[in-house]
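Shown next: start_31.pdb, containing PDB, C-alpha atoms.
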```pdb
ATOM      1  CA  MET A  43     120.259 226.311 210.336
ATOM      2  CA  MET A  44     118.181 223.203 209.852
ATOM      3  CA  PHE A  45     114.610 222.371 208.901
ATOM      4  CA  ARG A  46     112.619 220.255 211.363
ATOM      5  CA  LEU A  47     111.151 216.967 210.132
ATOM      6  CA  LEU A  48     108.549 214.831 211.841
ATOM      7  CA  PRO A  49     110.130 212.711 214.608
ATOM      8  CA  LEU A  50     110.621 208.991 214.147
ATOM      9  CA  TRP A  51     109.737 207.211 217.369
ATOM     10  CA  ILE A  52     107.485 207.294 220.378
ATOM     11  CA  LEU A  53     108.427 207.772 224.005
ATOM     12  CA  ILE A  54     105.729 207.133 226.580
ATOM     13  CA  VAL A  55     106.170 207.347 230.309
ATOM     14  CA  SER A  56     103.331 207.088 232.809
ATOM     15  CA  ILE A  57     103.052 206.557 236.512
ATOM     16  CA  ASN A  58     100.212 204.293 237.647
ATOM     17  CA  ALA A  59      99.495 201.745 240.351
ATOM     18  CA  VAL A  60     100.692 198.617 238.517
ATOM     19  CA  ALA A  61     102.748 195.510 239.196
ATOM     20  CA  ALA A  62     106.526 195.627 238.784
ATOM     21  CA  GLY A  63     107.985 194.330 235.545
ATOM     22  CA  VAL A  64     110.390 194.940 232.657
ATOM     23  CA  GLY A  65     109.846 194.314 228.953
ATOM     24  CA  ASP A  66     112.729 194.563 226.479
ATOM     25  CA  THR A  67     112.590 193.956 222.724
ATOM     26  CA  PRO A  68     114.418 195.586 219.781
ATOM     27  CA  ASP A  69     111.366 197.811 219.228
ATOM     28  CA  LYS A  70     110.108 198.516 222.726
ATOM     29  CA  PHE A  71     111.360 198.807 226.287
ATOM     30  CA  GLU A  72     108.919 198.854 229.200
ATOM     31  CA  TYR A  73     109.320 199.272 232.932
ATOM     32  CA  GLN A  74     106.580 199.077 235.566
ATOM     33  CA  ASP A  75     106.431 199.103 239.312
ATOM     34  CA  ARG A  76     103.941 200.195 241.960
ATOM     35  CA  ASN A  77     103.926 203.847 240.923
ATOM     36  CA  LEU A  78     105.949 204.101 237.715
ATOM     37  CA  THR A  79     105.441 202.843 234.173
ATOM     38  CA  PHE A  80     107.958 203.638 231.462
ATOM     39  CA  GLU A  81     107.618 202.661 227.800
ATOM     40  CA  ILE A  82     109.757 203.638 224.829
ATOM     41  CA  THR A  83     109.202 202.451 221.252
ATOM     42  CA  ARG A  84     110.452 203.345 217.803
ATOM     43  CA  ALA A  85     107.257 202.964 215.792
ATOM     44  CA  GLY A  86     105.471 205.435 213.507
ATOM     45  CA  TYR A  87     104.399 208.969 214.335
ATOM     46  CA  VAL A  88     105.642 210.255 217.670
ATOM     47  CA  THR A  89     103.612 211.112 220.709
ATOM     48  CA  ALA A  90     104.817 210.693 224.256
ATOM     49  CA  SER A  91     103.441 210.825 227.763
ATOM     50  CA  TYR A  92     104.846 210.512 231.218
ATOM     51  CA  GLY A  93     102.895 210.610 234.421
ATOM     52  CA  SER A  94     102.637 210.246 238.194
ATOM     53  CA  ARG A  95      99.704 209.584 240.525
ATOM     54  CA  ILE A  96      99.378 211.420 243.838
ATOM     55  CA  ASP A  97      96.138 210.951 245.761
ATOM     56  CA  GLY A  98      94.313 210.241 242.529
ATOM     57  CA  ARG A  99      96.009 213.046 240.582
ATOM     58  CA  VAL A 100      98.188 212.298 237.547
ATOM     59  CA  ILE A 101     101.122 214.362 236.324
ATOM     60  CA  SER A 102     101.914 213.603 232.706
ATOM     61  CA  LEU A 103     104.971 214.360 230.616
ATOM     62  CA  VAL A 104     105.094 214.196 226.837
ATOM     63  CA  VAL A 105     108.355 213.940 224.889
ATOM     64  CA  ILE A 106     108.617 214.317 221.108
ATOM     65  CA  ARG A 107     111.969 213.761 219.453
ATOM     66  CA  GLY A 108     112.801 215.924 216.440
ATOM     67  CA  ASP A 109     115.793 215.978 214.089
ATOM     68  CA  LYS A 110     119.462 215.663 214.922
ATOM     69  CA  ASN A 111     121.240 218.608 216.469
ATOM     70  CA  ASP A 112     124.504 219.777 214.904
ATOM     71  CA  LEU A 113     127.030 218.665 217.526
ATOM     72  CA  VAL A 114     129.880 220.284 215.587
ATOM     73  CA  VAL A 115     128.259 223.674 216.113
ATOM     74  CA  ASP A 116     127.142 222.867 219.657
ATOM     75  CA  PRO A 117     128.797 219.785 221.226
ATOM     76  CA  ASP A 118     126.896 220.296 224.506
ATOM     77  CA  ALA A 119     123.508 219.865 222.836
ATOM     78  CA  PRO A 120     121.564 216.594 223.091
ATOM     79  CA  PRO A 121     121.902 214.336 220.016
ATOM     80  CA  TYR A 122     118.357 215.217 218.918
ATOM     81  CA  ALA A 123     116.078 218.178 219.508
ATOM     82  CA  LEU A 124     113.422 217.341 222.095
ATOM     83  CA  ASP A 125     110.038 218.871 222.775
ATOM     84  CA  ILE A 126     108.929 218.154 226.339
ATOM     85  CA  LYS A 127     105.650 219.011 228.036
ATOM     86  CA  ILE A 128     104.651 218.472 231.654
ATOM     87  CA  ALA A 129     100.910 218.625 232.337
ATOM     88  CA  ASP A 130      98.699 218.127 235.377
ATOM     89  CA  ASN A 131      95.694 215.937 236.071
ATOM     90  CA  GLU A 132      93.420 218.150 233.962
ATOM     91  CA  ASP A 133      95.980 218.498 231.144
ATOM     92  CA  PHE A 134      96.897 222.051 232.090
ATOM     93  CA  THR A 135     100.526 222.717 231.120
ATOM     94  CA  ILE A 136     103.045 223.039 233.955
ATOM     95  CA  ALA A 137     106.088 223.426 231.686
ATOM     96  CA  ALA A 138     107.037 223.059 228.040
ATOM     97  CA  GLN A 139     110.356 222.860 226.201
ATOM     98  CA  SER A 140     110.784 223.606 222.508
ATOM     99  CA  GLY A 141     113.798 221.818 221.043
ATOM    100  CA  SER A 142     113.936 223.633 217.741
ATOM    101  CA  GLY A 143     112.391 227.059 218.384
ATOM    102  CA  HIS A 144     108.831 226.004 217.660
ATOM    103  CA  PHE A 145     106.673 223.130 218.895
ATOM    104  CA  ILE A 146     106.431 220.119 216.582
ATOM    105  CA  ASP A 147     102.905 219.634 217.915
ATOM    106  CA  GLN A 148     101.484 223.128 217.438
ATOM    107  CA  SER A 149      98.652 222.456 219.882
ATOM    108  CA  TRP A 150     101.201 222.723 222.684
ATOM    109  CA  GLY A 151     101.504 226.457 222.088
ATOM    110  CA  LYS A 152      97.739 226.799 222.261
ATOM    111  CA  ARG A 153      97.621 224.989 225.604
ATOM    112  CA  LEU A 154     100.176 227.307 227.210
ATOM    113  CA  GLY A 155      98.576 229.991 229.321
ATOM    114  CA  LYS A 156      95.616 227.814 230.304
ATOM    115  CA  ILE A 157      95.939 227.507 234.064
ATOM    116  CA  PRO A 158      93.803 225.598 236.627
ATOM    117  CA  PRO A 159      91.367 227.851 238.509
ATOM    118  CA  SER A 160      93.099 227.273 241.847
ATOM    119  CA  LEU A 161      96.789 227.332 242.726
ATOM    120  CA  ALA A 162      96.378 224.623 245.371
ATOM    121  CA  ASN A 163      96.610 221.802 242.822
ATOM    122  CA  ARG A 164      99.436 223.503 240.898
ATOM    123  CA  THR A 165     101.486 223.907 244.065
ATOM    124  CA  ARG A 166     100.921 220.275 245.072
ATOM    125  CA  ASP A 167     101.722 218.936 241.589
ATOM    126  CA  VAL A 168     105.009 220.781 241.177
ATOM    127  CA  SER A 169     106.123 219.626 244.619
ATOM    128  CA  GLU A 170     106.320 216.093 243.179
ATOM    129  CA  LEU A 171     108.534 216.866 240.171
ATOM    130  CA  GLY A 172     111.745 216.142 242.048
ATOM    131  CA  PHE A 173     110.426 212.691 243.011
ATOM    132  CA  PHE A 174     109.661 211.983 239.339
ATOM    133  CA  ALA A 175     113.198 212.927 238.417
ATOM    134  CA  ASP A 176     114.600 210.605 241.101
ATOM    135  CA  ALA A 177     112.425 207.710 239.920
ATOM    136  CA  LEU A 178     113.603 208.093 236.338
ATOM    137  CA  ARG A 179     117.239 208.420 237.348
ATOM    138  CA  ASN A 180     117.285 205.541 239.819
ATOM    139  CA  GLN A 181     114.740 203.078 238.433
ATOM    140  CA  VAL A 182     114.532 203.573 234.671
ATOM    141  CA  LYS A 183     117.944 204.813 233.529
ATOM    142  CA  PRO A 184     120.029 201.843 234.846
ATOM    143  CA  ARG A 185     117.662 199.353 233.202
ATOM    144  CA  LEU A 186     117.405 201.232 229.928
ATOM    145  CA  ASP A 187     121.223 201.445 229.808
ATOM    146  CA  LYS A 188     121.294 197.635 229.642
ATOM    147  CA  SER A 189     118.362 197.206 227.268
ATOM    148  CA  LYS A 190     118.144 196.623 223.506
ATOM    149  CA  LEU A 191     117.254 200.324 223.163
ATOM    150  CA  SER A 192     120.182 201.575 225.232
ATOM    151  CA  GLU A 193     121.142 204.061 222.505
ATOM    152  CA  TRP A 194     118.179 206.165 223.656
ATOM    153  CA  ALA A 195     119.040 206.112 227.368
ATOM    154  CA  TRP A 196     120.322 209.693 227.097
ATOM    155  CA  ILE A 197     116.705 210.792 226.741
ATOM    156  CA  VAL A 198     116.144 209.991 230.405
ATOM    157  CA  ASP A 199     118.948 212.379 231.361
ATOM    158  CA  GLU A 200     117.206 215.155 229.423
ATOM    159  CA  MET A 201     113.883 214.387 231.102
ATOM    160  CA  VAL A 202     115.495 214.446 234.541
ATOM    161  CA  GLN A 203     117.227 217.746 233.758
ATOM    162  CA  PHE A 204     113.958 219.316 232.659
ATOM    163  CA  LEU A 205     111.995 218.073 235.672
ATOM    164  CA  GLU A 206     114.661 219.287 238.098
ATOM    165  CA  TYR A 207     114.809 222.699 236.426
ATOM    166  CA  VAL A 208     111.051 223.217 236.703
ATOM    167  CA  ASP A 209     111.123 221.972 240.290
ATOM    168  CA  GLU A 210     113.797 224.553 241.106
ATOM    169  CA  GLN A 211     111.933 227.394 239.370
ATOM    170  CA  SER A 212     108.713 226.545 241.197
ATOM    171  CA  LYS A 213     110.505 227.195 244.481
ATOM    172  CA  MET A 214     111.868 230.560 243.378
ATOM    173  CA  SER A 215     109.836 233.723 243.673
ATOM    174  CA  PRO A 216     110.423 237.156 242.119
ATOM    175  CA  VAL A 217     108.704 238.549 245.230
ATOM    176  CA  ARG A 218     110.961 238.355 248.271
ATOM    177  CA  GLY A 219     109.272 237.380 251.507
ATOM    178  CA  SER A 220     105.866 236.941 249.896
ATOM    179  CA  THR A 221     103.158 235.552 252.160
ATOM    180  CA  THR A 222     100.338 235.756 249.633
ATOM    181  CA  PRO A 223      97.909 232.837 250.187
ATOM    182  CA  GLU A 224      97.114 230.349 247.441
ATOM    183  CA  ALA A 225      94.219 232.295 245.982
ATOM    184  CA  ALA A 226      92.485 231.634 242.678
ATOM    185  CA  VAL A 227      94.596 232.535 239.666
ATOM    186  CA  THR A 228      91.668 234.408 238.184
ATOM    187  CA  ALA A 229      91.765 236.793 241.150
ATOM    188  CA  ALA A 230      95.112 238.142 239.958
ATOM    189  CA  THR A 231      95.164 241.103 237.580
ATOM    190  CA  THR A 232      98.839 241.057 236.627
ATOM    191  CA  TYR A 233     101.588 238.457 236.427
ATOM    192  CA  ASN A 234     105.385 238.575 236.513
ATOM    193  CA  ASN A 235     107.221 236.947 233.611
ATOM    194  CA  VAL A 236     110.877 236.360 234.507
ATOM    195  CA  VAL A 237     112.736 236.104 231.189
ATOM    196  CA  THR A 238     116.360 234.936 231.029
ATOM    197  CA  ILE A 239     118.625 234.784 227.984
ATOM    198  CA  LYS A 240     121.157 231.963 228.252
ATOM    199  CA  THR A 241     124.281 231.596 226.128
ATOM    200  CA  LYS A 242     127.438 229.588 225.467
ATOM    201  CA  LYS A 243     130.171 229.426 222.847
ATOM    202  CA  ALA A 244     129.345 227.895 219.466
ATOM    203  CA  PHE A 245     131.895 225.963 217.388
ATOM    204  CA  ASP A 246     134.080 226.219 220.545
ATOM    205  CA  ILE A 247     135.159 229.649 219.307
ATOM    206  CA  VAL A 248     133.970 233.225 219.715
ATOM    207  CA  PHE A 249     130.471 232.862 218.247
ATOM    208  CA  GLU A 250     127.569 232.129 220.586
ATOM    209  CA  HIS A 251     124.583 229.844 220.852
ATOM    210  CA  SER A 252     121.627 231.178 222.840
ATOM    211  CA  SER A 253     118.216 230.121 224.091
ATOM    212  CA  LEU A 254     115.582 231.523 226.436
ATOM    213  CA  ALA A 255     113.792 230.659 229.677
ATOM    214  CA  SER A 256     110.449 232.185 230.641
ATOM    215  CA  ASN A 257     108.902 231.600 234.061
ATOM    216  CA  LEU A 258     105.516 233.046 234.955
ATOM    217  CA  TYR A 259     104.468 233.845 238.524
ATOM    218  CA  THR A 260     101.568 235.609 240.172
ATOM    219  CA  THR A 261     102.356 239.027 241.619
ATOM    220  CA  GLY A 262     102.360 237.250 244.976
ATOM    221  CA  GLY A 263     105.203 235.018 243.782
ATOM    222  CA  LYS A 264     103.318 231.763 243.141
ATOM    223  CA  PHE A 265     104.691 229.677 240.263
ATOM    224  CA  LEU A 266     102.396 229.187 237.239
ATOM    225  CA  TYR A 267     104.468 227.677 234.401
ATOM    226  CA  SER A 268     107.840 227.515 232.607
ATOM    227  CA  VAL A 269     108.683 227.759 228.917
ATOM    228  CA  ILE A 270     112.153 226.695 227.745
ATOM    229  CA  THR A 271     113.611 227.081 224.260
ATOM    230  CA  CYS A 272     116.642 225.282 222.819
ATOM    231  CA  ASN A 273     116.818 226.756 219.285
ATOM    232  CA  HIS A 274     118.395 223.634 217.708
ATOM    233  CA  GLY A 275     121.064 223.316 220.387
ATOM    234  CA  THR A 276     121.685 223.397 224.129
ATOM    235  CA  CYS A 277     118.522 224.255 226.043
ATOM    236  CA  ALA A 278     118.248 227.215 228.378
ATOM    237  CA  ASN A 279     117.925 224.916 231.421
ATOM    238  CA  SER A 280     121.253 223.154 230.740
ATOM    239  CA  SER A 281     124.169 223.567 233.135
ATOM    240  CA  ALA A 282     126.366 224.202 230.068
ATOM    241  CA  MET A 283     124.612 227.546 229.552
ATOM    242  CA  SER A 284     125.416 230.761 231.387
ATOM    243  CA  THR A 285     123.118 233.713 232.025
ATOM    244  CA  LYS A 286     123.670 236.711 229.767
ATOM    245  CA  CYS A 287     120.835 238.785 231.201
ATOM    246  CA  SER A 288     117.441 238.531 232.864
ATOM    247  CA  LYS A 289     114.464 240.854 233.067
ATOM    248  CA  THR A 290     111.014 240.717 234.658
ATOM    249  CA  PHE A 291     108.011 241.921 232.693
ATOM    250  CA  SER A 292     104.538 242.574 234.017
ATOM    251  CA  GLN A 293     101.675 241.252 231.914
ATOM    252  CA  SER A 294      97.916 241.242 232.342
ATOM    253  CA  THR A 295      97.277 237.844 230.723
ATOM    254  CA  LEU A 296      98.574 234.303 231.164
ATOM    255  CA  ASP A 297      99.764 234.100 227.550
ATOM    256  CA  ALA A 298     103.146 232.528 226.737
ATOM    257  CA  TYR A 299     104.283 234.850 223.968
ATOM    258  CA  ALA A 300     107.583 233.065 223.288
ATOM    259  CA  SER A 301     106.078 229.902 221.815
ATOM    260  CA  ASP A 302     106.022 228.883 218.146
ATOM    261  CA  LEU A 303     108.624 231.333 216.883
ATOM    262  CA  LEU A 304     111.319 230.433 214.356
ATOM    263  CA  CYS A 305     113.676 232.483 212.164
ATOM    264  CA  ASP A 306     115.206 229.591 210.217
ATOM    265  CA  LEU A 307     113.462 230.308 206.917
ATOM    266  CA  TYR A 308     114.812 233.844 207.007
ATOM    267  CA  GLY A 309     118.369 232.623 207.560
ATOM    268  CA  TRP A 310     118.276 230.056 204.743
ATOM    269  CA  PRO A 311     120.069 232.255 202.164
ATOM    270  CA  TYR A 312     122.989 232.611 204.581
ATOM    271  CA  LEU A 313     123.300 228.850 205.214
ATOM    272  CA  VAL A 314     123.909 229.430 208.916
ATOM    273  CA  HIS A 315     122.363 228.535 212.240
ATOM    274  CA  VAL A 316     120.140 231.350 213.530
ATOM    275  CA  CYS A 317     119.565 230.480 217.180
ATOM    276  CA  ASN A 318     120.324 234.055 218.276
ATOM    277  CA  ASN A 319     117.676 235.429 215.930
ATOM    278  CA  ASP A 320     115.193 232.993 217.442
ATOM    279  CA  THR A 321     116.143 234.123 220.950
ATOM    280  CA  ARG A 322     115.706 237.792 220.072
ATOM    281  CA  ALA A 323     112.280 237.139 218.506
ATOM    282  CA  GLN A 324     111.217 235.160 221.576
ATOM    283  CA  TYR A 325     112.443 237.864 223.959
ATOM    284  CA  ARG A 326     110.825 240.723 222.054
ATOM    285  CA  SER A 327     107.521 238.871 221.817
ATOM    286  CA  ILE A 328     107.396 238.609 225.606
ATOM    287  CA  LYS A 329     108.522 242.207 226.041
ATOM    288  CA  ASN A 330     105.915 243.505 223.582
ATOM    289  CA  ARG A 331     103.248 241.012 224.753
ATOM    290  CA  SER A 332     102.519 239.823 221.228
ATOM    291  CA  LYS A 333     103.859 236.908 219.172
ATOM    292  CA  GLY A 334     105.976 237.924 216.189
ATOM    293  CA  THR A 335     109.460 238.134 214.732
ATOM    294  CA  TRP A 336     109.848 241.836 215.609
ATOM    295  CA  SER A 337     112.409 242.433 212.841
ATOM    296  CA  SER A 338     114.648 239.784 214.408
ATOM    297  CA  CYS A 339     114.968 237.496 211.385
ATOM    298  CA  SER A 340     116.802 239.653 208.818
ATOM    299  CA  SER A 341     120.526 238.900 208.955
ATOM    300  CA  PRO A 342     122.015 236.168 211.193
ATOM    301  CA  LEU A 343     123.163 237.199 214.655
ATOM    302  CA  LEU A 344     126.480 235.653 215.673
ATOM    303  CA  TYR A 345     126.069 236.575 219.352
ATOM    304  CA  ALA A 346     123.284 236.291 221.888
ATOM    305  CA  PRO A 347     120.981 239.316 222.030
ATOM    306  CA  SER A 348     120.798 241.529 225.088
ATOM    307  CA  CYS A 349     117.768 242.211 227.300
ATOM    308  CA  GLU A 350     117.140 245.528 225.606
TER     309      GLU A 350
END
```
Do you think you could lay out the structure here as structure tokens?
Amino acid sequence: MMFRLLPLWILIVSINAVAAGVGDTPDKFEYQDRNLTFEITRAGYVTASYGSRIDGRVISLVVIRGDKNDLVVDPDAPPYALDIKIADNEDFTIAAQSGSGHFIDQSWGKRLGKIPPSLANRTRDVSELGFFADALRNQVKPRLDKSKLSEWAWIVDEMVQFLEYVDEQSKMSPVRGSTTPEAAVTAATTYNNVVTIKTKKAFDIVFEHSSLASNLYTTGGKFLYSVITCNHGTCANSSAMSTKCSKTFSQSTLDAYASDLLCDLYGWPYLVHVCNNDTRAQYRSIKNRSKGTWSSCSSPLLYAPSCE
């Protein structure tokens, strides 16, 4: 169990129509070409953005780095907890990842559940996520590996992993064979929230680390958004995690009930990591359609909760 501190550097990525170029100093690395601009700097308070332009539309991605993860407990985790947010041209959230169990920038939780009035733009935007991942992998990562800030090149791998996960989920539908047209989101009365609890061994022994993935769709099977938690360790979208259970809940609102939940303060007397308590609180909040701990933060759970 660890407390989260404010992050220490800024990562900014944006895609614009600009001339190609690379800038590399001990404090900042920049990359630009016709449709991609990447900038990373270690200065002051952290904000981050990352974007792409398609026919005048911009997809942005914000990355905020938190504290170090405990790699003894969870060697598959990234070195630092990362909050990641993908947003569209109007700053509606497409996907968000919480590295520690709550968002460092609490406004992210408030933005979840605010969806553009038409699915046409959402469908078009998510169709480009795989191209963003390829651009980062092929254009930015090799250059950053050789830069003065190469110690942060792993962050690109995490961004690519997140983009590819959301891209995959956007192509999956809980409704088999759905032919529902791209109608206005506001025309829907209920939504399907596909909730998956992911787990792996902790300490390389019998105890478990867990995190949660939540993907919201219309009843016709159209993708709306993803929420991923990491709970101070390996994120639910990582290939190192395996599925313990999954359940689909029907809800009448677009709310993302799993955001901004954390059991760490409750586990402090036990001096242990409480990722499984976080996962249970997140799961029960979605199930009960209301944010809360739901009696999940009493004594530390050593194993991932079930989809009860």
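Take CA of Ala255 (chain A) and CA of Asp112 (chain A): the distance between them is 21.2 Å.
Going from CA of Leu78 (chain A) over to CA of Gln181 (chain A), you cover 8.9 Å.
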Please indicate the distance in Å from CA of Pro68 (chain A) to CA of Ile106 (chain A), rounded to one decimal place. 19.7 Å
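Across the chains present, the PyMOL selection byres ((chain A and resi 293-296) around 9) applied to this file returns A:Leu154, A:Gly155, A:Lys156, A:Ile157, A:Ala230, A:Thr231, A:Thr232, A:Tyr233, A:Asn234, A:Asn235, A:Leu258, A:Leu266, A:Phe291, A:Ser292, A:Asp297, A:Ala298, A:Ile328, A:Arg331.
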Do a neighbour search on Asp116 (chain A) at 7 Å with all atoms listed in the file, toss out local chain neighbours closer than 2 positions, and write the hits as a ChimeraX atom specification. /A:112-114,118-119,244-245,275
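Using all atoms listed in the file for every distance, the candidate list A:Ala175, A:Leu344, A:Cys287, A:Val115 yields A:Ala175 as the residue closest to Glu210 (chain A).
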Shell around Cys317 (chain A) at 7 Å using only C-alpha atoms, local window under 4 positions removed, as an MDAnalysis selection string: chainID A and resid 251:252 273:274 321
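Considering only C-alpha atoms, the residue among A:Ser192, A:Thr276, A:Thr241, A:Thr67 positioned nearest to Leu124 (chain A) is A:Thr276.
Proximity of A:Phe174, A:Phe249, A:Trp196, A:Phe71 to Leu103 (chain A), computed with all atoms listed in the file, is greatest for A:Phe174.
Considering only C-alpha atoms, the residue among A:Ser142, A:Ser253, A:Ser160, A:Ser332 positioned nearest to Tyr122 (chain A) is A:Ser142.
Using all atoms listed in the file, the protein and nucleic acid residues lying no more than 8 Å from Gln203 (chain A), apart from those fewer than 3 places from it along its own chain, are Ala175, Asp199, Glu200, Glu206, Tyr207, Asn279 and Ser280 of chain A.
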Could you dump the residues just selected with C-alpha atoms as an mmCIF file, keeping the file's coordinate frame?
```cif
data_model
loop_
_atom_site.group_PDB
_atom_site.id
_atom_site.type_symbol
_atom_site.label_atom_id
_atom_site.label_comp_id
_atom_site.auth_asym_id
_atom_site.auth_seq_id
_atom_site.Cartn_x
_atom_site.Cartn_y
_atom_site.Cartn_z
ATOM 1 C CA ALA A 175 113.198 212.927 238.417
ATOM 2 C CA ASP A 199 118.948 212.379 231.361
ATOM 3 C CA GLU A 200 117.206 215.155 229.423
ATOM 4 C CA GLU A 206 114.661 219.287 238.098
ATOM 5 C CA TYR A 207 114.809 222.699 236.426
ATOM 6 C CA ASN A 279 117.925 224.916 231.421
ATOM 7 C CA SER A 280 121.253 223.154 230.740
#
```
Taking 2 positions as the minimum chain separation for residues in the same chain, which residues sit within 9 Å of Trp336 (chain A) when counting all atoms listed in the file? Answer as a compact mmCIF listing (two decimals) with C-alpha atoms, in the coordinates of the input.
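Everything below was put into result36.txt:
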```txt
# COMPACT_ATOMS: atom_id res chain seq x y z
CA ARG A 322 115.71 237.79 220.07
CA ALA A 323 112.28 237.14 218.51
CA ARG A 326 110.82 240.72 222.05
CA SER A 327 107.52 238.87 221.82
CA LYS A 333 103.86 236.91 219.17
CA GLY A 334 105.98 237.92 216.19
CA SER A 338 114.65 239.78 214.41
CA CYS A 339 114.97 237.50 211.38
```
Distance query Pro216 (chain A) at most 8 Å, only C-alpha atoms, self and fewer than 2 positions along chain excluded, as a CSV table (one decimal) with C-alpha atoms, in the frame of the given file:
```csv
chain,number,residue,atom,x,y,z
A,214,MET,CA,111.9,230.6,243.4
A,218,ARG,CA,111.0,238.4,248.3
A,234,ASN,CA,105.4,238.6,236.5
A,236,VAL,CA,110.9,236.4,234.5
A,259,TYR,CA,104.5,233.8,238.5
A,263,GLY,CA,105.2,235.0,243.8
```
